[in-house]
Structures are given as C-alpha cells and as structure tokens.
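Below is query.csv, which holds CSV, N, CA and C atoms.
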chain,number,residue,atom,x,y,z
A,1,MET,N,-31.2,-71.2,162.6
A,1,MET,CA,-31.5,-71.7,163.9
A,1,MET,C,-31.0,-73.1,164.0
A,2,GLU,N,-30.5,-73.5,165.1
A,2,GLU,CA,-30.1,-74.9,165.3
A,2,GLU,C,-30.9,-75.4,166.6
A,3,ILE,N,-31.3,-76.7,166.4
A,3,ILE,CA,-31.9,-77.4,167.6
A,3,ILE,C,-31.2,-78.7,167.8
A,4,MET,N,-30.8,-78.9,169.0
A,4,MET,CA,-30.1,-80.2,169.3
A,4,MET,C,-30.9,-81.0,170.3
A,5,ILE,N,-31.1,-82.2,170.0
A,5,ILE,CA,-31.8,-83.1,170.9
A,5,ILE,C,-30.9,-84.3,171.2
A,6,LYS,N,-30.6,-84.6,172.4
A,6,LYS,CA,-29.8,-85.7,172.8
A,6,LYS,C,-30.6,-86.5,173.9
A,7,ASN,N,-30.9,-87.7,173.6
A,7,ASN,CA,-31.6,-88.5,174.6
A,7,ASN,C,-31.1,-90.0,174.5
A,8,LYS,N,-31.8,-90.9,175.2
A,8,LYS,CA,-31.4,-92.3,175.2
A,8,LYS,C,-31.4,-92.9,173.8
A,9,ALA,N,-32.2,-92.4,172.9
A,9,ALA,CA,-32.3,-92.9,171.5
A,9,ALA,C,-31.1,-92.5,170.7
A,10,GLY,N,-30.5,-91.4,171.0
A,10,GLY,CA,-29.4,-90.9,170.2
A,10,GLY,C,-29.4,-89.4,170.1
A,11,GLU,N,-28.8,-88.9,169.0
A,11,GLU,CA,-28.7,-87.4,168.8
A,11,GLU,C,-29.3,-87.0,167.5
A,12,LEU,N,-30.0,-85.8,167.6
A,12,LEU,CA,-30.6,-85.2,166.4
A,12,LEU,C,-30.2,-83.8,166.4
A,13,LYS,N,-29.6,-83.3,165.3
A,13,LYS,CA,-29.3,-81.9,165.1
A,13,LYS,C,-30.1,-81.4,164.0
A,14,ILE,N,-30.9,-80.4,164.2
A,14,ILE,CA,-31.7,-79.8,163.2
A,14,ILE,C,-31.2,-78.4,162.9
A,15,VAL,N,-31.0,-78.1,161.6
A,15,VAL,CA,-30.6,-76.7,161.2
A,15,VAL,C,-31.7,-76.2,160.3
A,16,VAL,N,-32.2,-75.1,160.6
A,16,VAL,CA,-33.3,-74.4,159.8
A,16,VAL,C,-32.8,-73.2,159.2
A,17,LYS,N,-33.0,-73.1,157.9
A,17,LYS,CA,-32.6,-71.9,157.1
A,17,LYS,C,-33.7,-71.4,156.3
A,18,ARG,N,-33.9,-70.1,156.3
A,18,ARG,CA,-35.0,-69.5,155.5
A,18,ARG,C,-34.4,-69.3,154.1
A,19,ILE,N,-35.1,-69.8,153.1
A,19,ILE,CA,-34.7,-69.7,151.7
A,19,ILE,C,-35.3,-68.4,151.2
A,20,ASP,N,-36.6,-68.1,151.4
A,20,ASP,CA,-37.2,-66.9,151.0
A,20,ASP,C,-38.5,-66.8,151.9
A,21,PRO,N,-39.3,-65.8,151.7
A,21,PRO,CA,-40.4,-65.6,152.6
A,21,PRO,C,-41.4,-66.8,152.7
A,22,GLU,N,-41.4,-67.6,151.6
A,22,GLU,CA,-42.3,-68.7,151.5
A,22,GLU,C,-41.8,-70.1,151.9
A,23,PHE,N,-40.4,-70.2,151.8
A,23,PHE,CA,-39.8,-71.6,152.0
A,23,PHE,C,-38.7,-71.5,153.0
A,24,ARG,N,-38.6,-72.7,153.8
A,24,ARG,CA,-37.5,-72.9,154.7
A,24,ARG,C,-36.9,-74.3,154.4
A,25,ARG,N,-35.6,-74.4,154.7
A,25,ARG,CA,-35.0,-75.7,154.5
A,25,ARG,C,-34.7,-76.2,155.9
A,26,ILE,N,-34.9,-77.5,156.1
A,26,ILE,CA,-34.5,-78.2,157.3
A,26,ILE,C,-33.5,-79.2,156.9
A,27,ASP,N,-32.3,-79.1,157.5
A,27,ASP,CA,-31.3,-80.1,157.4
A,27,ASP,C,-31.2,-80.8,158.7
A,28,TYR,N,-31.3,-82.1,158.7
A,28,TYR,CA,-31.1,-82.8,160.0
A,28,TYR,C,-30.1,-83.9,159.9
A,29,PHE,N,-29.4,-84.1,161.0
A,29,PHE,CA,-28.4,-85.1,161.2
A,29,PHE,C,-28.7,-86.0,162.3
A,30,LEU,N,-29.0,-87.2,162.0
A,30,LEU,CA,-29.5,-88.2,163.0
A,30,LEU,C,-28.4,-89.2,163.3
A,31,GLU,N,-28.2,-89.5,164.5
A,31,GLU,CA,-27.3,-90.6,164.9
A,31,GLU,C,-27.9,-91.3,166.1
A,32,LEU,N,-28.4,-92.5,165.8
A,32,LEU,CA,-29.0,-93.3,166.9
A,32,LEU,C,-27.9,-94.0,167.8
A,33,ASN,N,-28.3,-94.2,169.0
A,33,ASN,CA,-27.4,-94.8,170.0
A,33,ASN,C,-27.0,-96.2,169.6
A,34,GLN,N,-25.7,-96.4,169.4
A,34,GLN,CA,-25.2,-97.7,169.0
A,34,GLN,C,-25.2,-98.8,170.1
A,35,GLY,N,-25.5,-98.3,171.4
A,35,GLY,CA,-25.6,-99.2,172.5
A,35,GLY,C,-26.9,-99.9,172.6
A,36,ILE,N,-27.9,-99.5,171.8
A,36,ILE,CA,-29.2,-100.0,171.8
A,36,ILE,C,-29.3,-101.2,170.8
A,37,ASP,N,-30.0,-102.2,171.2
A,37,ASP,CA,-30.3,-103.3,170.3
A,37,ASP,C,-31.6,-102.9,169.6
A,38,TRP,N,-31.5,-102.4,168.4
A,38,TRP,CA,-32.6,-101.9,167.6
A,38,TRP,C,-33.5,-103.0,167.2
A,39,GLU,N,-33.0,-104.2,167.0
A,39,GLU,CA,-33.9,-105.3,166.7
A,39,GLU,C,-34.8,-105.6,167.8
A,40,LYS,N,-34.3,-105.5,169.1
A,40,LYS,CA,-35.1,-105.6,170.3
A,40,LYS,C,-36.2,-104.5,170.4
A,41,VAL,N,-35.8,-103.3,170.0
A,41,VAL,CA,-36.8,-102.2,170.0
A,41,VAL,C,-37.9,-102.5,169.0
A,42,PHE,N,-37.5,-102.9,167.8
A,42,PHE,CA,-38.5,-103.2,166.8
A,42,PHE,C,-39.5,-104.3,167.2
A,43,LEU,N,-39.0,-105.3,167.9
A,43,LEU,CA,-39.8,-106.4,168.4
A,43,LEU,C,-40.8,-106.0,169.4
A,44,LYS,N,-40.5,-104.9,170.2
A,44,LYS,CA,-41.3,-104.4,171.2
A,44,LYS,C,-42.6,-103.7,170.6
A,45,LEU,N,-42.5,-103.2,169.4
A,45,LEU,CA,-43.5,-102.4,168.8
A,45,LEU,C,-44.7,-103.3,168.4
A,46,ASP,N,-45.8,-102.7,168.1
A,46,ASP,CA,-47.1,-103.3,167.7
A,46,ASP,C,-47.1,-103.6,166.2
A,47,ASP,N,-47.8,-104.7,165.9
A,47,ASP,CA,-48.1,-104.9,164.4
A,47,ASP,C,-48.9,-103.7,163.9
A,48,ASN,N,-48.6,-103.3,162.7
A,48,ASN,CA,-49.2,-102.1,162.2
A,48,ASN,C,-50.2,-102.5,161.1
A,49,PRO,N,-51.4,-101.9,161.0
A,49,PRO,CA,-52.4,-102.2,160.0
A,49,PRO,C,-51.8,-102.0,158.6
A,50,ARG,N,-50.8,-101.2,158.4
A,50,ARG,CA,-50.2,-101.0,157.1
A,50,ARG,C,-49.5,-102.3,156.6
A,51,ASN,N,-49.2,-103.2,157.5
A,51,ASN,CA,-48.5,-104.4,157.1
A,51,ASN,C,-49.4,-105.2,156.2
A,52,ALA,N,-50.7,-105.1,156.3
A,52,ALA,CA,-51.6,-105.9,155.5
A,52,ALA,C,-51.6,-105.3,154.0
A,53,LEU,N,-51.1,-104.1,153.8
A,53,LEU,CA,-51.0,-103.6,152.5
A,53,LEU,C,-49.7,-104.0,151.8
A,54,ASN,N,-48.7,-103.1,151.9
A,54,ASN,CA,-47.4,-103.4,151.2
A,54,ASN,C,-46.2,-103.2,152.1
A,55,SER,N,-46.3,-102.8,153.3
A,55,SER,CA,-45.2,-102.5,154.2
A,55,SER,C,-45.1,-103.6,155.3
A,56,HIS,N,-44.6,-104.7,154.9
A,56,HIS,CA,-44.6,-105.9,155.8
A,56,HIS,C,-43.6,-105.7,156.9
A,57,TRP,N,-42.7,-104.6,156.8
A,57,TRP,CA,-41.7,-104.4,157.8
A,57,TRP,C,-41.9,-103.2,158.7
A,58,VAL,N,-43.1,-102.7,158.7
A,58,VAL,CA,-43.5,-101.6,159.6
A,58,VAL,C,-44.1,-102.0,160.8
A,59,LYS,N,-43.7,-101.5,162.0
A,59,LYS,CA,-44.4,-101.8,163.2
A,59,LYS,C,-44.6,-100.4,163.9
A,60,GLY,N,-45.6,-100.3,164.7
A,60,GLY,CA,-46.1,-99.1,165.3
A,60,GLY,C,-45.9,-98.9,166.8
A,61,TYR,N,-46.1,-97.7,167.2
A,61,TYR,CA,-46.0,-97.4,168.6
A,61,TYR,C,-47.2,-96.5,168.9
A,62,GLU,N,-48.2,-97.0,169.6
A,62,GLU,CA,-49.4,-96.3,170.0
A,62,GLU,C,-50.0,-95.5,168.9
A,63,GLU,N,-50.0,-96.0,167.7
A,63,GLU,CA,-50.6,-95.3,166.6
A,63,GLU,C,-50.0,-93.9,166.3
A,64,ARG,N,-48.9,-93.6,166.9
A,64,ARG,CA,-48.3,-92.3,166.7
A,64,ARG,C,-47.0,-92.3,165.9
A,65,PHE,N,-46.4,-93.5,165.7
A,65,PHE,CA,-45.1,-93.6,165.3
A,65,PHE,C,-44.9,-95.0,164.6
A,66,GLY,N,-44.1,-95.0,163.5
A,66,GLY,CA,-43.9,-96.3,162.9
A,66,GLY,C,-42.4,-96.5,162.7
A,67,MET,N,-41.9,-97.7,162.7
A,67,MET,CA,-40.5,-98.0,162.5
A,67,MET,C,-40.4,-99.1,161.4
A,68,MET,N,-39.5,-98.8,160.5
A,68,MET,CA,-39.1,-99.8,159.5
A,68,MET,C,-37.6,-100.1,159.8
A,69,ILE,N,-37.3,-101.4,159.6
A,69,ILE,CA,-35.9,-101.8,160.0
A,69,ILE,C,-35.4,-102.6,158.8
A,70,PHE,N,-34.1,-102.4,158.5
A,70,PHE,CA,-33.5,-103.1,157.4
A,70,PHE,C,-32.0,-103.1,157.6
A,71,ASN,N,-31.2,-103.7,156.7
A,71,ASN,CA,-29.8,-103.9,156.9
A,71,ASN,C,-28.9,-103.1,156.0
A,72,ASN,N,-29.4,-102.3,155.1
A,72,ASN,CA,-28.5,-101.4,154.3
A,72,ASN,C,-29.1,-100.1,154.1
A,73,GLY,N,-28.3,-99.1,153.7
A,73,GLY,CA,-28.7,-97.7,153.6
A,73,GLY,C,-28.4,-96.8,154.7
A,74,ASN,N,-29.2,-95.8,154.9
A,74,ASN,CA,-29.0,-94.9,156.0
A,74,ASN,C,-30.2,-94.9,156.9
A,75,THR,N,-30.0,-94.4,158.1
A,75,THR,CA,-31.1,-94.3,159.1
A,75,THR,C,-31.7,-92.9,158.9
A,76,VAL,N,-33.0,-92.8,158.5
A,76,VAL,CA,-33.6,-91.5,158.3
A,76,VAL,C,-35.1,-91.5,158.7
A,77,PHE,N,-35.6,-90.3,158.9
A,77,PHE,CA,-37.1,-90.2,159.1
A,77,PHE,C,-37.7,-90.3,157.7
A,78,SER,N,-38.9,-90.9,157.8
A,78,SER,CA,-39.7,-91.1,156.5
A,78,SER,C,-41.1,-90.5,156.7
A,79,GLY,N,-41.5,-89.6,155.9
A,79,GLY,CA,-42.8,-89.0,156.0
A,79,GLY,C,-43.0,-88.3,157.3
A,80,LEU,N,-44.2,-88.3,157.8
A,80,LEU,CA,-44.4,-87.5,159.1
A,80,LEU,C,-44.4,-88.3,160.3
A,81,ARG,N,-44.5,-89.7,160.2
A,81,ARG,CA,-44.6,-90.5,161.4
A,81,ARG,C,-43.6,-91.6,161.5
A,82,ASP,N,-42.8,-91.9,160.6
A,82,ASP,CA,-42.0,-93.1,160.5
A,82,ASP,C,-40.5,-92.8,160.6
A,83,ILE,N,-39.8,-93.8,161.0
A,83,ILE,CA,-38.3,-93.8,161.0
A,83,ILE,C,-37.8,-95.1,160.3
A,84,ALA,N,-36.9,-95.0,159.4
A,84,ALA,CA,-36.3,-96.1,158.8
A,84,ALA,C,-34.9,-96.3,159.4
A,85,VAL,N,-34.8,-97.5,160.1
A,85,VAL,CA,-33.5,-97.7,160.9
A,85,VAL,C,-32.7,-98.8,160.1
A,86,CYS,N,-31.5,-98.4,159.8
A,86,CYS,CA,-30.6,-99.3,159.2
A,86,CYS,C,-29.7,-99.9,160.3
A,87,THR,N,-29.8,-101.1,160.6
A,87,THR,CA,-29.1,-101.7,161.7
A,87,THR,C,-27.6,-101.7,161.5
A,88,LYS,N,-27.1,-101.5,160.3
A,88,LYS,CA,-25.7,-101.5,160.1
A,88,LYS,C,-25.1,-100.1,159.9
A,89,ASN,N,-26.0,-99.1,159.9
A,89,ASN,CA,-25.6,-97.7,159.8
A,89,ASN,C,-26.7,-96.8,160.5
A,90,LEU,N,-26.4,-96.5,161.7
A,90,LEU,CA,-27.4,-95.8,162.6
A,90,LEU,C,-27.3,-94.3,162.4
A,91,LYS,N,-26.7,-93.8,161.3
A,91,LYS,CA,-26.6,-92.4,161.0
A,91,LYS,C,-27.3,-92.1,159.7
A,92,GLY,N,-27.7,-90.8,159.7
A,92,GLY,CA,-28.3,-90.4,158.4
A,92,GLY,C,-28.5,-88.9,158.4
A,93,LYS,N,-28.5,-88.3,157.2
A,93,LYS,CA,-28.7,-86.8,157.1
A,93,LYS,C,-29.6,-86.6,155.9
A,94,ILE,N,-30.4,-85.6,156.0
A,94,ILE,CA,-31.4,-85.2,155.0
A,94,ILE,C,-31.5,-83.7,154.9
A,95,SER,N,-31.8,-83.2,153.8
A,95,SER,CA,-32.1,-81.8,153.6
A,95,SER,C,-33.4,-81.7,152.8
A,96,GLU,N,-34.4,-81.0,153.4
A,96,GLU,CA,-35.7,-80.9,152.7
A,96,GLU,C,-36.1,-79.5,152.8
A,97,GLU,N,-36.8,-79.0,151.7
A,97,GLU,CA,-37.4,-77.7,151.7
A,97,GLU,C,-38.9,-77.8,151.9
A,98,PHE,N,-39.5,-76.9,152.7
A,98,PHE,CA,-40.9,-76.9,153.1
A,98,PHE,C,-41.5,-75.5,152.9
A,99,GLY,N,-42.7,-75.5,152.3
A,99,GLY,CA,-43.5,-74.2,152.3
A,99,GLY,C,-43.9,-73.9,153.7
A,100,ALA,N,-44.4,-72.7,153.8
A,100,ALA,CA,-44.8,-72.2,155.2
A,100,ALA,C,-45.9,-73.0,155.8
A,101,GLN,N,-46.8,-73.6,154.9
A,101,GLN,CA,-47.9,-74.3,155.5
A,101,GLN,C,-47.5,-75.7,156.1
A,102,TYR,N,-46.4,-76.2,155.7
A,102,TYR,CA,-45.9,-77.5,156.1
A,102,TYR,C,-44.7,-77.5,157.0
A,103,PHE,N,-44.0,-76.4,157.1
A,103,PHE,CA,-42.8,-76.3,157.8
A,103,PHE,C,-42.9,-76.7,159.3
A,104,GLN,N,-43.8,-76.1,160.0
A,104,GLN,CA,-43.9,-76.4,161.5
A,104,GLN,C,-44.4,-77.8,161.7
A,105,THR,N,-45.2,-78.4,160.8
A,105,THR,CA,-45.7,-79.8,161.0
A,105,THR,C,-44.5,-80.7,160.9
A,106,TYR,N,-43.6,-80.5,159.9
A,106,TYR,CA,-42.5,-81.4,159.8
A,106,TYR,C,-41.4,-81.2,160.9
A,107,LEU,N,-41.2,-80.0,161.2
A,107,LEU,CA,-40.2,-79.7,162.3
A,107,LEU,C,-40.7,-80.4,163.6
A,108,ASP,N,-42.0,-80.3,163.9
A,108,ASP,CA,-42.5,-80.9,165.1
A,108,ASP,C,-42.4,-82.4,165.0
A,109,SER,N,-42.6,-83.0,163.8
A,109,SER,CA,-42.6,-84.4,163.6
A,109,SER,C,-41.2,-85.0,163.9
A,110,PHE,N,-40.2,-84.3,163.5
A,110,PHE,CA,-38.8,-84.7,163.7
A,110,PHE,C,-38.5,-84.8,165.2
A,111,ILE,N,-38.9,-83.8,165.9
A,111,ILE,CA,-38.7,-83.7,167.4
A,111,ILE,C,-39.5,-84.8,168.1
A,112,HIS,N,-40.8,-85.0,167.7
A,112,HIS,CA,-41.6,-85.9,168.4
A,112,HIS,C,-41.1,-87.4,168.2
A,113,ARG,N,-40.6,-87.7,167.0
A,113,ARG,CA,-40.1,-89.0,166.8
A,113,ARG,C,-38.9,-89.4,167.7
A,114,MET,N,-38.1,-88.4,168.1
A,114,MET,CA,-37.0,-88.6,169.0
A,114,MET,C,-37.6,-88.9,170.4
A,115,ILE,N,-38.7,-88.2,170.8
A,115,ILE,CA,-39.3,-88.4,172.0
A,115,ILE,C,-39.9,-89.8,172.1
A,116,TYR,N,-40.6,-90.2,171.1
A,116,TYR,CA,-41.2,-91.5,171.0
A,116,TYR,C,-40.2,-92.6,171.1
A,117,LEU,N,-39.0,-92.4,170.4
A,117,LEU,CA,-38.0,-93.4,170.5
A,117,LEU,C,-37.5,-93.6,171.9
A,118,GLU,N,-37.3,-92.5,172.6
A,118,GLU,CA,-36.9,-92.5,174.0
A,118,GLU,C,-37.9,-93.2,174.9
A,119,GLU,N,-39.2,-93.0,174.7
A,119,GLU,CA,-40.2,-93.6,175.4
A,119,GLU,C,-40.1,-95.1,175.3
A,120,ILE,N,-40.0,-95.6,174.0
A,120,ILE,CA,-39.9,-97.0,173.7
A,120,ILE,C,-38.7,-97.6,174.4
A,121,ILE,N,-37.5,-97.0,174.3
A,121,ILE,CA,-36.3,-97.5,174.9
A,121,ILE,C,-36.4,-97.6,176.4
A,122,CYS,N,-37.0,-96.5,177.0
A,122,CYS,CA,-37.1,-96.6,178.5
A,122,CYS,C,-38.0,-97.7,178.9
A,123,SER,N,-39.0,-98.1,178.1
A,123,SER,CA,-39.9,-99.2,178.5
A,123,SER,C,-39.2,-100.6,178.4
A,124,ILE,N,-38.0,-100.6,177.7
A,124,ILE,CA,-37.3,-101.9,177.5
A,124,ILE,C,-36.1,-101.9,178.5
A,125,TYR,N,-35.3,-100.9,178.6
A,125,TYR,CA,-34.1,-100.9,179.4
A,125,TYR,C,-34.3,-100.2,180.7

Would you encode the structure as structure tokens?
Amino acid sequence: MEIMIKNKAGELKIVVKRIDPEFRRIDYFLELNQGIDWEKVFLKLDDNPRNALNSHWVKGYEERFGMMIFNNGNTVFSGLRDIAVCTKNLKGKISEEFGAQYFQTYLDSFIHRMIYLEEIICSIY
C-alpha cells in the first residue's frame, strides 16, 4: 500500500509492506518544501518542557508535536511526535518494522506530523 501526502510543508510518501502476520514495514520518503524558511518556522514554536532536561533544541506545537533543528544529517521523523529538520538537507528516508500493536500508532503519527507542519506554516505565511 502507498500513501502520498503533499501539502505546504512538503511531500511524504509512505509505503507499507506486510512482512508476516505479526509485522509490517513502513518505508517513508520525506521531502520538506525548500521554499519555506524552516528557521522561521522553528522560532514560531513554543519552548518545550523537555528543554530543561537534555534537548535544548526542541520546540513544541500545542503539546502535540516537537521540532528539532540542526545543520547536518537528514530530515526525519523521530519517535512518535517529533521531526528532526536538517536545514541543509530537507530530505530523508527511513525504513522501520512494527508489530501489529504499534503499526497503526506509528502510521498515524507520520500522517499527523505533516498535518501539524502545514498548520504551523499556514499560521506564518
């Protein structure tokens, strides 16, 4: 199964493959919109309580989404609620396997993060 999402934030292609009755693999290909000033988006976000711990570079959006921003690596989703944005490489791809109990949760989280990104961008531009 393939799911394509294209919005103001960029494009997300999700490919789901059943490995066996218990496990599925999600491959995703993410490309954020290069016309967006991602530093400006990051500044729009709220300070996050996690900053007091060890993630000084995480900012949040309505306690539903977190963004980390840096200058090297790939742009990828992190965990269930975050996105790591590399300002020099707005593309990333990941392949992960999930058991039946976690598959839907992660699939939904990938889709919701694209929705949240668009909400943030629409509030700025």

Task: CA of Asp27 (chain A) to atom N of Val15 (chain A), distance in Å rounded to a single decimal - done: 4.7 Å

May I have a table of the residues of region 13-37 of chain A lying at most 8 Å from region 73-89 of chain A, giving each one's closest pair of atoms and their distance in Å to one decimal, counting all atoms listed in the file, ordered by chain and ascending residue number, as JSON lines?
{"residue": "A:Leu30", "atom": "CA", "partner": "A:Thr75", "partner_atom": "C", "distance": 6.6}
{"residue": "A:Glu31", "atom": "N", "partner": "A:Thr75", "partner_atom": "C", "distance": 7.4}
{"residue": "A:Leu32", "atom": "N", "partner": "A:Asn89", "partner_atom": "C", "distance": 7.0}

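Relative to atom N of Glu11 (chain A), CA of Tyr116 (chain A) is found at 12.8 Å.
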
- [ ] Just the residues within 9 Å of Pro21 (chain A), please, counting only C-alpha atoms, with nothing from its chain fewer than 3 positions along; format it as a PyMOL selection string.
- [x] chain A and resi 18+24+100

Task: Coordinates-based distance that separates CA of Glu118 (chain A) from atom C of Ile36 (chain A) (Å, one decimal) - done: 12.0 Å

Open item on the list: Restricting the calculation to only C-alpha atoms: of A:Ile26, A:Met67, A:Leu45, A:Ile124, which residue gets closest to Phe103 (chain A)?
Closed with: A:Ile26

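Nearest to Gly66 (chain A) of all the residues A:Glu39, A:Thr105, A:Asp20, A:Arg113 is A:Arg113, based on only C-alpha atoms.
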
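The shortest atom-to-atom distance to Lys8 (chain A), with only C-alpha atoms taken into account, belongs to A:Gly35 out of A:Tyr102, A:Gly35, A:Arg25, A:Leu90.
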
Task: Residue with smallest distance to Glu62 (chain A) - pool A:Asp46, A:Asp108, A:Glu22, A:Leu12, counting only N, CA and C atoms - done: A:Asp46

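Nearest residue to Tyr28 (chain A) among A:Arg64, A:His112, A:Lys40, A:Lys93 is A:Lys93, counting only C-alpha atoms.
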
TODO: Would you return as a PyMOL selection string the members of chain A that DSSP assigns to helix (DSSP H, G or I) on this structure's backbone?
DONE: chain A and resi 38-44+49-52+100-124

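Checking A:Ile3, A:Ile14, A:Ile19, A:Leu117 one by one against Val41 (chain A), counting only C-alpha atoms, you find the shortest gap at A:Leu117.
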
Filled-in all heavy atoms of region 79-88 of chain A, supplied as a CSV table (one decimal), in the coordinates of the input:
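That gives us selection32.csv:
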chain,number,residue,atom,x,y,z
A,79,GLY,N,-41.5,-89.6,155.9
A,79,GLY,CA,-42.8,-89.0,156.0
A,79,GLY,C,-43.0,-88.3,157.3
A,79,GLY,O,-42.0,-87.7,157.8
A,80,LEU,N,-44.2,-88.3,157.8
A,80,LEU,CA,-44.4,-87.5,159.1
A,80,LEU,C,-44.4,-88.3,160.3
A,80,LEU,O,-44.3,-87.8,161.4
A,80,LEU,CB,-45.8,-86.9,159.0
A,80,LEU,CG,-45.9,-85.6,158.2
A,80,LEU,CD1,-47.4,-85.2,157.9
A,80,LEU,CD2,-45.2,-84.5,158.9
A,81,ARG,N,-44.5,-89.7,160.2
A,81,ARG,CA,-44.6,-90.5,161.4
A,81,ARG,C,-43.6,-91.6,161.5
A,81,ARG,O,-43.6,-92.3,162.5
A,81,ARG,CB,-46.0,-91.0,161.5
A,81,ARG,CG,-47.1,-90.0,161.7
A,81,ARG,CD,-48.4,-90.6,161.7
A,81,ARG,NE,-48.5,-91.9,162.3
A,81,ARG,CZ,-49.6,-92.6,162.5
A,81,ARG,NH1,-50.7,-92.1,162.2
A,81,ARG,NH2,-49.6,-93.8,163.1
A,82,ASP,N,-42.8,-91.9,160.6
A,82,ASP,CA,-42.0,-93.1,160.5
A,82,ASP,C,-40.5,-92.8,160.6
A,82,ASP,O,-40.0,-91.7,160.4
A,82,ASP,CB,-42.2,-93.9,159.3
A,82,ASP,CG,-43.6,-94.4,159.1
A,82,ASP,OD1,-44.3,-94.5,160.1
A,82,ASP,OD2,-44.1,-94.6,158.0
A,83,ILE,N,-39.8,-93.8,161.0
A,83,ILE,CA,-38.3,-93.8,161.0
A,83,ILE,C,-37.8,-95.1,160.3
A,83,ILE,O,-38.4,-96.1,160.6
A,83,ILE,CB,-37.7,-93.6,162.4
A,83,ILE,CG1,-36.1,-93.4,162.2
A,83,ILE,CG2,-38.0,-94.7,163.3
A,83,ILE,CD1,-35.4,-93.0,163.5
A,84,ALA,N,-36.9,-95.0,159.4
A,84,ALA,CA,-36.3,-96.1,158.8
A,84,ALA,C,-34.9,-96.3,159.4
A,84,ALA,O,-34.1,-95.5,159.4
A,84,ALA,CB,-36.1,-95.9,157.3
A,85,VAL,N,-34.8,-97.5,160.1
A,85,VAL,CA,-33.5,-97.7,160.9
A,85,VAL,C,-32.7,-98.8,160.1
A,85,VAL,O,-33.2,-99.9,159.9
A,85,VAL,CB,-33.9,-98.2,162.3
A,85,VAL,CG1,-32.6,-98.6,163.0
A,85,VAL,CG2,-34.6,-97.2,163.1
A,86,CYS,N,-31.5,-98.4,159.8
A,86,CYS,CA,-30.6,-99.3,159.2
A,86,CYS,C,-29.7,-99.9,160.3
A,86,CYS,O,-29.0,-99.1,160.9
A,86,CYS,CB,-29.7,-98.7,158.1
A,86,CYS,SG,-28.5,-99.8,157.5
A,87,THR,N,-29.8,-101.1,160.6
A,87,THR,CA,-29.1,-101.7,161.7
A,87,THR,C,-27.6,-101.7,161.5
A,87,THR,O,-26.8,-101.8,162.5
A,87,THR,CB,-29.5,-103.1,162.0
A,87,THR,OG1,-29.4,-103.9,160.8
A,87,THR,CG2,-31.0,-103.2,162.5
A,88,LYS,N,-27.1,-101.5,160.3
A,88,LYS,CA,-25.7,-101.5,160.1
A,88,LYS,C,-25.1,-100.1,159.9
A,88,LYS,O,-23.9,-99.9,159.8
A,88,LYS,CB,-25.3,-102.3,158.8
A,88,LYS,CG,-25.6,-103.8,158.9
A,88,LYS,CD,-25.2,-104.5,157.7
A,88,LYS,CE,-25.4,-106.0,157.9
A,88,LYS,NZ,-25.2,-106.8,156.7
